[in-house]
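Containing PDB, C-alpha atoms: query-v2.pdb.
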```pdb
MODEL        1
ATOM      1  CA  MET A 196      33.348  34.415 -71.317  1.00  0.00           C
ATOM      2  CA  LYS A 197      35.950  36.670 -69.716  1.00  0.00           C
ATOM      3  CA  ILE A 198      35.322  37.528 -66.065  1.00  0.00           C
ATOM      4  CA  HIS A 199      35.762  41.184 -65.185  1.00  0.00           C
ATOM      5  CA  GLN A 200      34.662  41.301 -61.526  1.00  0.00           C
ATOM      6  CA  LEU A 201      33.338  39.102 -58.740  1.00  0.00           C
ATOM      7  CA  SER A 202      31.153  40.079 -55.818  1.00  0.00           C
ATOM      8  CA  VAL A 203      30.459  37.791 -52.858  1.00  0.00           C
ATOM      9  CA  THR A 204      28.015  39.084 -50.235  1.00  0.00           C
ATOM     10  CA  TYR A 205      26.324  37.457 -47.276  1.00  0.00           C
ATOM     11  CA  LEU A 206      22.685  38.584 -47.020  1.00  0.00           C
ATOM     12  CA  ALA A 207      21.446  37.968 -43.469  1.00  0.00           C
ATOM     13  CA  GLU A 208      17.745  38.326 -44.333  1.00  0.00           C
ATOM     14  CA  GLN A 209      18.116  35.484 -46.864  1.00  0.00           C
ATOM     15  CA  ASP A 210      20.763  33.612 -44.823  1.00  0.00           C
ATOM     16  CA  ARG A 211      22.502  32.980 -48.127  1.00  0.00           C
ATOM     17  CA  ILE A 212      25.586  34.123 -49.962  1.00  0.00           C
ATOM     18  CA  LEU A 213      24.971  36.025 -53.187  1.00  0.00           C
ATOM     19  CA  VAL A 214      27.719  35.607 -55.790  1.00  0.00           C
ATOM     20  CA  ARG A 215      27.662  37.954 -58.762  1.00  0.00           C
ATOM     21  CA  VAL A 216      29.942  37.451 -61.749  1.00  0.00           C
ATOM     22  CA  ASN A 217      30.439  40.449 -64.003  1.00  0.00           C
ATOM     23  CA  THR A 218      31.882  39.786 -67.488  1.00  0.00           C
ATOM     24  CA  GLU A 219      33.718  42.069 -69.892  1.00  0.00           C
ATOM     25  CA  ALA A 220      30.703  41.740 -72.225  1.00  0.00           C
ATOM     26  CA  ALA A 221      28.571  43.599 -69.614  1.00  0.00           C
ATOM     27  CA  GLU A 222      26.755  40.428 -68.495  1.00  0.00           C
ATOM     28  CA  GLU A 223      26.022  39.471 -64.918  1.00  0.00           C
ATOM     29  CA  MET A 224      25.370  36.001 -63.548  1.00  0.00           C
ATOM     30  CA  ARG A 225      23.836  35.761 -60.066  1.00  0.00           C
ATOM     31  CA  LEU A 226      24.082  32.738 -57.787  1.00  0.00           C
ATOM     32  CA  TRP A 227      22.707  31.907 -54.327  1.00  0.00           C
ATOM     33  CA  LEU A 228      24.927  29.687 -52.155  1.00  0.00           C
ATOM     34  CA  THR A 229      23.321  28.110 -49.097  1.00  0.00           C
ATOM     35  CA  ARG A 230      24.985  26.898 -45.916  1.00  0.00           C
ATOM     36  CA  ARG A 231      24.117  23.303 -46.797  1.00  0.00           C
ATOM     37  CA  LEU A 232      25.897  23.653 -50.127  1.00  0.00           C
ATOM     38  CA  MET A 233      28.926  25.395 -48.621  1.00  0.00           C
ATOM     39  CA  LEU A 234      29.426  22.626 -46.056  1.00  0.00           C
ATOM     40  CA  GLY A 235      30.463  20.321 -48.890  1.00  0.00           C
ATOM     41  CA  LEU A 236      31.748  22.851 -51.411  1.00  0.00           C
ATOM     42  CA  TRP A 237      34.240  24.743 -49.234  1.00  0.00           C
ATOM     43  CA  PRO A 238      36.442  21.715 -48.357  1.00  0.00           C
ATOM     44  CA  LEU A 239      36.324  20.516 -51.979  1.00  0.00           C
ATOM     45  CA  LEU A 240      37.360  23.887 -53.423  1.00  0.00           C
ATOM     46  CA  SER A 241      40.078  24.327 -50.793  1.00  0.00           C
ATOM     47  CA  LYS A 242      41.528  20.905 -51.569  1.00  0.00           C
ATOM     48  CA  LEU A 243      41.355  21.387 -55.353  1.00  0.00           C
ATOM     49  CA  LEU A 244      42.923  24.834 -55.195  1.00  0.00           C
ATOM     50  CA  THR A 245      45.743  23.668 -52.913  1.00  0.00           C
ATOM     51  CA  LYS A 246      46.478  20.717 -55.199  1.00  0.00           C
ATOM     52  CA  HIS A 247      46.355  23.009 -58.216  1.00  0.00           C
ATOM     53  CA  LEU A 248      48.680  25.562 -56.640  1.00  0.00           C
ATOM     54  CA  LEU A 249      51.229  22.863 -55.812  1.00  0.00           C
ATOM     55  CA  LYS A 250      51.291  21.788 -59.475  1.00  0.00           C
ATOM     56  CA  LEU A 251      52.308  25.346 -60.386  1.00  0.00           C
ATOM     57  CA  GLU A 252      55.436  25.141 -58.241  1.00  0.00           C
ATOM     58  CA  ALA A 253      58.766  24.532 -59.971  1.00  0.00           C
ATOM     59  CA  ALA A 254      59.170  21.188 -58.177  1.00  0.00           C
ATOM     60  CA  GLY A 255      55.867  20.038 -59.695  1.00  0.00           C
ATOM     61  CA  THR A 256      55.276  16.313 -59.388  1.00  0.00           C
ATOM     62  CA  SER A 257      58.107  15.770 -56.875  1.00  0.00           C
ATOM     63  CA  LEU A 258      55.943  17.570 -54.293  1.00  0.00           C
ATOM     64  CA  GLU A 259      53.452  14.701 -54.273  1.00  0.00           C
ATOM     65  CA  ALA A 260      55.773  12.757 -51.952  1.00  0.00           C
ATOM     66  CA  ALA A 261      56.459  15.761 -49.691  1.00  0.00           C
ATOM     67  CA  ASP A 262      55.034  15.918 -46.180  1.00  0.00           C
ATOM     68  CA  GLU A 263      51.761  17.746 -45.569  1.00  0.00           C
ATOM     69  CA  GLY A 264      53.459  20.593 -43.668  1.00  0.00           C
ATOM     70  CA  LEU A 265      55.635  21.501 -46.671  1.00  0.00           C
ATOM     71  CA  LYS A 266      52.682  21.258 -49.053  1.00  0.00           C
ATOM     72  CA  LYS A 267      50.604  23.551 -46.841  1.00  0.00           C
ATOM     73  CA  MET A 268      53.441  26.054 -46.512  1.00  0.00           C
ATOM     74  CA  LEU A 269      53.997  26.219 -50.291  1.00  0.00           C
ATOM     75  CA  ALA A 270      50.272  26.497 -51.032  1.00  0.00           C
ATOM     76  CA  ASP A 271      49.850  29.252 -48.412  1.00  0.00           C
ATOM     77  CA  PHE A 272      52.802  31.133 -49.895  1.00  0.00           C
ATOM     78  CA  ARG A 273      51.302  30.947 -53.388  1.00  0.00           C
ATOM     79  CA  LYS A 274      47.877  32.037 -52.081  1.00  0.00           C
ATOM     80  CA  GLU A 275      49.403  35.084 -50.354  1.00  0.00           C
ATOM     81  CA  GLU A 276      51.314  35.919 -53.521  1.00  0.00           C
ATOM     82  CA  PHE A 277      48.077  35.880 -55.550  1.00  0.00           C
ATOM     83  CA  LEU A 278      46.169  37.944 -52.978  1.00  0.00           C
ATOM     84  CA  LYS A 279      48.926  40.559 -52.880  1.00  0.00           C
ATOM     85  CA  ASP A 280      48.235  41.410 -56.536  1.00  0.00           C
ATOM     86  CA  ALA A 281      44.424  41.205 -56.274  1.00  0.00           C
ATOM     87  CA  ASP A 282      42.224  44.302 -56.445  1.00  0.00           C
ATOM     88  CA  PHE A 283      39.619  44.229 -53.673  1.00  0.00           C
ATOM     89  CA  GLU A 284      39.208  48.021 -53.588  1.00  0.00           C
ATOM     90  CA  THR A 285      37.456  48.741 -56.917  1.00  0.00           C
ATOM     91  CA  PRO A 286      33.672  48.870 -56.360  1.00  0.00           C
ATOM     92  CA  TYR A 287      31.607  46.236 -58.124  1.00  0.00           C
ATOM     93  CA  LYS A 288      29.702  47.588 -61.156  1.00  0.00           C
ATOM     94  CA  ASP A 289      26.014  47.011 -60.418  1.00  0.00           C
ATOM     95  CA  ASN A 290      24.503  48.274 -63.668  1.00  0.00           C
ATOM     96  CA  GLN A 291      25.054  45.372 -66.059  1.00  0.00           C
ATOM     97  CA  SER A 292      22.774  45.521 -69.057  1.00  0.00           C
ATOM     98  CA  GLN A 293      22.417  41.773 -69.654  1.00  0.00           C
ATOM     99  CA  LEU A 294      21.294  39.070 -67.240  1.00  0.00           C
ATOM    100  CA  PRO A 295      21.599  35.814 -69.264  1.00  0.00           C
ATOM    101  CA  LEU A 296      20.301  33.707 -66.357  1.00  0.00           C
ATOM    102  CA  GLY A 297      17.413  36.067 -65.575  1.00  0.00           C
ATOM    103  CA  ASP A 298      16.696  38.514 -62.771  1.00  0.00           C
ATOM    104  CA  GLU A 299      16.454  35.833 -60.081  1.00  0.00           C
ATOM    105  CA  PRO A 300      19.781  34.320 -58.972  1.00  0.00           C
ATOM    106  CA  LEU A 301      20.296  30.586 -59.491  1.00  0.00           C
ATOM    107  CA  LEU A 302      19.689  28.671 -56.265  1.00  0.00           C
ATOM    108  CA  ILE A 303      22.711  26.402 -56.553  1.00  0.00           C
ATOM    109  CA  THR A 304      21.950  22.801 -55.622  1.00  0.00           C
ATOM    110  CA  ASP A 305      25.247  21.268 -56.739  1.00  0.00           C
ATOM    111  CA  VAL A 306      28.616  22.252 -58.184  1.00  0.00           C
ATOM    112  CA  ASP A 307      30.859  20.224 -60.461  1.00  0.00           C
ATOM    113  CA  ALA A 308      34.545  21.152 -60.163  1.00  0.00           C
ATOM    114  CA  ALA A 309      37.335  19.912 -62.411  1.00  0.00           C
ATOM    115  CA  PRO A 310      40.962  21.007 -62.745  1.00  0.00           C
ATOM    116  CA  LEU A 311      41.963  21.449 -66.394  1.00  0.00           C
ATOM    117  CA  ALA A 312      45.293  20.666 -68.045  1.00  0.00           C
ATOM    118  CA  ASN A 313      45.785  24.347 -68.984  1.00  0.00           C
ATOM    119  CA  GLY A 314      46.006  25.329 -65.298  1.00  0.00           C
ATOM    120  CA  ARG A 315      42.423  26.566 -64.967  1.00  0.00           C
ATOM    121  CA  LEU A 316      39.658  25.248 -62.762  1.00  0.00           C
ATOM    122  CA  ARG A 317      36.227  24.611 -64.319  1.00  0.00           C
ATOM    123  CA  LEU A 318      33.216  25.170 -62.092  1.00  0.00           C
ATOM    124  CA  SER A 319      29.698  24.239 -63.180  1.00  0.00           C
ATOM    125  CA  PHE A 320      26.987  25.717 -60.957  1.00  0.00           C
ATOM    126  CA  ASN A 321      23.681  23.853 -61.249  1.00  0.00           C
ATOM    127  CA  GLU A 322      20.151  24.651 -60.111  1.00  0.00           C
ATOM    128  CA  ARG A 323      18.136  21.430 -60.117  1.00  0.00           C
ATOM    129  CA  LEU A 324      14.846  22.125 -58.405  1.00  0.00           C
ATOM    130  CA  PRO A 325      12.184  19.389 -58.080  1.00  0.00           C
ATOM    131  CA  ALA A 326       9.278  21.275 -59.689  1.00  0.00           C
ATOM    132  CA  VAL A 327      11.308  22.700 -62.584  1.00  0.00           C
ATOM    133  CA  THR A 328      11.482  20.728 -65.840  1.00  0.00           C
ATOM    134  CA  LYS A 329      14.405  22.667 -67.323  1.00  0.00           C
ATOM    135  CA  PRO A 330      17.272  23.082 -64.848  1.00  0.00           C
ATOM    136  CA  ARG A 331      19.435  26.194 -65.081  1.00  0.00           C
ATOM    137  CA  SER A 332      23.237  26.101 -64.967  1.00  0.00           C
ATOM    138  CA  PHE A 333      26.272  28.274 -65.415  1.00  0.00           C
ATOM    139  CA  GLN A 334      29.863  27.232 -66.145  1.00  0.00           C
ATOM    140  CA  ILE A 335      33.087  29.198 -65.755  1.00  0.00           C
ATOM    141  CA  GLU A 336      36.777  28.504 -66.073  1.00  0.00           C
ATOM    142  CA  MET A 337      39.021  30.367 -63.677  1.00  0.00           C
ATOM    143  CA  GLU A 338      42.743  31.045 -63.573  1.00  0.00           C
ATOM    144  CA  PRO A 339      44.350  30.149 -60.217  1.00  0.00           C
ATOM    145  CA  LYS A 340      44.697  33.861 -59.304  1.00  0.00           C
ATOM    146  CA  LEU A 341      41.009  34.528 -59.894  1.00  0.00           C
ATOM    147  CA  MET A 342      40.034  31.335 -58.090  1.00  0.00           C
ATOM    148  CA  GLN A 343      42.111  32.379 -55.080  1.00  0.00           C
ATOM    149  CA  GLY A 344      40.431  35.794 -55.125  1.00  0.00           C
ATOM    150  CA  MET A 345      37.009  34.137 -55.159  1.00  0.00           C
ATOM    151  CA  MET A 346      38.013  31.841 -52.282  1.00  0.00           C
ATOM    152  CA  HIS A 347      39.158  34.899 -50.309  1.00  0.00           C
ATOM    153  CA  LEU A 348      35.808  36.630 -50.885  1.00  0.00           C
ATOM    154  CA  LEU A 349      33.908  33.444 -49.990  1.00  0.00           C
ATOM    155  CA  GLU A 350      35.917  33.096 -46.800  1.00  0.00           C
ATOM    156  CA  GLN A 351      35.051  36.660 -45.783  1.00  0.00           C
ATOM    157  CA  ALA A 352      31.357  35.937 -46.455  1.00  0.00           C
ATOM    158  CA  LEU A 353      31.527  32.718 -44.406  1.00  0.00           C
ATOM    159  CA  VAL A 354      32.954  34.664 -41.475  1.00  0.00           C
ATOM    160  CA  ARG A 355      30.204  37.320 -41.728  1.00  0.00           C
ATOM    161  CA  ALA A 356      27.592  34.557 -41.934  1.00  0.00           C
ATOM    162  CA  GLN A 357      29.159  32.814 -38.921  1.00  0.00           C
ATOM    163  CA  TRP A 358      28.914  29.559 -40.854  1.00  0.00           C
ATOM    164  CA  ARG A 359      32.527  28.620 -40.156  1.00  0.00           C
ATOM    165  CA  GLU A 360      32.186  28.883 -36.386  1.00  0.00           C
ATOM    166  CA  PRO A 361      31.237  25.723 -34.524  1.00  0.00           C
ATOM    167  CA  PHE A 362      27.720  25.490 -33.224  1.00  0.00           C
ATOM    168  CA  ALA A 363      27.518  26.857 -29.699  1.00  0.00           C
ATOM    169  CA  ALA A 364      27.449  24.137 -27.111  1.00  0.00           C
ATOM    170  CA  GLY A 365      24.318  23.969 -25.025  1.00  0.00           C
ATOM    171  CA  PRO A 366      24.282  23.606 -21.245  1.00  0.00           C
ATOM    172  CA  VAL A 367      26.236  20.683 -19.875  1.00  0.00           C
ATOM    173  CA  ALA A 368      24.128  17.859 -18.489  1.00  0.00           C
ATOM    174  CA  VAL A 369      25.511  16.110 -15.411  1.00  0.00           C
ATOM    175  CA  GLU A 370      24.135  12.962 -13.808  1.00  0.00           C
ATOM    176  CA  ASP A 371      22.414  13.817 -10.555  1.00  0.00           C
ATOM    177  CA  GLY A 372      23.728  10.636  -8.910  1.00  0.00           C
ATOM    178  CA  THR A 373      20.334   9.355  -7.726  1.00  0.00           C
ATOM    179  CA  ALA A 374      19.613   7.092 -10.654  1.00  0.00           C
ATOM    180  CA  GLY A 375      22.650   4.814 -10.785  1.00  0.00           C
ATOM    181  CA  ASP A 376      20.880   1.861 -12.404  1.00  0.00           C
ATOM    182  CA  VAL A 377      18.535   3.861 -14.665  1.00  0.00           C
ATOM    183  CA  GLU A 378      19.130   3.937 -18.423  1.00  0.00           C
ATOM    184  CA  PRO A 379      21.364   7.013 -19.157  1.00  0.00           C
ATOM    185  CA  SER A 380      18.853   8.413 -21.679  1.00  0.00           C
ATOM    186  CA  LEU A 381      16.086   8.353 -19.016  1.00  0.00           C
ATOM    187  CA  ARG A 382      18.055  10.119 -16.262  1.00  0.00           C
ATOM    188  CA  LYS A 383      17.015  13.635 -15.352  1.00  0.00           C
ATOM    189  CA  PRO A 384      19.793  15.987 -16.477  1.00  0.00           C
ATOM    190  CA  ARG A 385      21.159  18.694 -14.198  1.00  0.00           C
ATOM    191  CA  TYR A 386      22.437  21.851 -15.821  1.00  0.00           C
ATOM    192  CA  LEU A 387      25.406  23.835 -14.664  1.00  0.00           C
ATOM    193  CA  ASN A 388      25.155  27.611 -15.040  1.00  0.00           C
TER     194      ASN A 388
ENDMDL
END
```

Please, can you express the file's structure as structure tokens?
Amino acid sequence: MKIHQLSVTYLAEQDRILVRVNTEAAEEMRLWLTRRLMLGLWPLLSKLLTKHLLKLEAAGTSLEAADEGLKKMLADFRKEEFLKDADFETPYKDNQSQLPLGDEPLLITDVDAAPLANGRLRLSFNERLPAVTKPRSFQIEMEPKLMQGMMHLLEQALVRAQWREPFAAGPVAVEDGTAGDVEPSLRKPRYLN
């Protein structure tokens, strides 16, 4: 399957990210990504892509011994180079005639990711729901440029979803000083502002 376009959209009413993959054969695969899934998937994909990008550098295996600052700088340079050539302006084609996975997007429960020897990254998106006897899945292989484009779109969706921001801290509890020998969990908290 040859990927033609990708669309990554945060839908607030669902509190999910909808990923749509449009192929050159006029097929569309639809996937729901939840916050729970992205908590584990985002660091994994970032690490795999960075490692993969470093292998593409001319220095290749000699970079494995390099310090983390140099690795990050080289990976960031390669990412920017890929994004410079990416087309984020062309509107996504919504009218695909074939939906091989059905009308309803897969609710992704787990993702298997594996770098391949040919420089691609294989992603297997799986929907394994408890009440369903036949799980649905979808597998793609992506060139590093396309993978970087997808990561860029995912990052934008994570920002819109506010999933990457730390949870807001609640009011600060301060000991009121009257219960010096009382168990800390039983003390009455005092809130500032």

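Proximity ranking of A:Met196, A:Leu301, A:Leu236, A:Ala281 relative to Arg323 of chain A places A:Leu301 first, based on all atoms listed in the file.
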
**Request:** Work out how far atom CA of His247 of chain A is from atom CA of Arg211 of chain A, in Å to one decimal.
**Result:**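 Going from atom CA of Arg211 of chain A over to atom CA of His247 of chain A covers 27.8 Å.
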
**Message:** Nearest residue to Gln357 of chain A out of A:Asn217, A:Pro300, A:Gln200, A:Arg230, using only C-alpha atoms?
**Reply:**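 The answer is A:Arg230, which sits nearest to Gln357 of chain A.
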
**Message:** Residues proximal to (23.3, 45.7, -66.8) were defined as those with any atom within 8 Å of that point in the file's coordinates, counting all atoms listed in the file. Which are they, as a ChimeraX atom specification?
**Reply:** /A:221-223,289-294

**Item:** Residue nearest Ile335 of chain A among A:Glu350, A:Val216, A:Ala207, A:Pro238 (counting all atoms listed in the file)
**Value:**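 Using all atoms listed in the file, Ile335 of chain A sits closest to A:Val216.
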
**Item:** Atom pair atom CA of Gln343 of chain A / atom CA of Asp210 of chain A: separation (Å)
**Value:**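 These atoms are spaced 23.7 Å apart.
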
**Request:** Name the residues that the PyMOL selection byres ((chain A and resi 347) around 12) picks from the file above, as a ChimeraX atom specification, using the file's chain letters and numbers.
**Result:** /A:201-204,237,240-241,244,274-275,277-279,281-283,340-346,348-354

**Request:** Translate the PyMOL selection byres ((chain A and resi 310-318) around 7), as applied to the file shown, into an explicit residue set as a count of residues only.
**Result:** 12

Once 3 Å is added on each side, what are the centre and the three edge lengths, in Å to one decimal, of the axis-aligned box enclosing the listed atoms of segment 294-304 of chain A? Present them as AutoDock Vina command-line options.
```
--center_x 19.6 --center_y 30.9 --center_z -62.4 --size_x 12.3 --size_y 22.3 --size_z 19.6
```

**Request:** For atom CA of Val214 of chain A and atom CA of Arg331 of chain A, quote the distance in Å rounded to one decimal.
**Result:** 15.6 Å

**Polymer residues at most 6 Å from (21.0, 26.0, -56.9) by all atoms listed in the file, as a PyMOL selection string** = chain A and resi 301-304+321-322
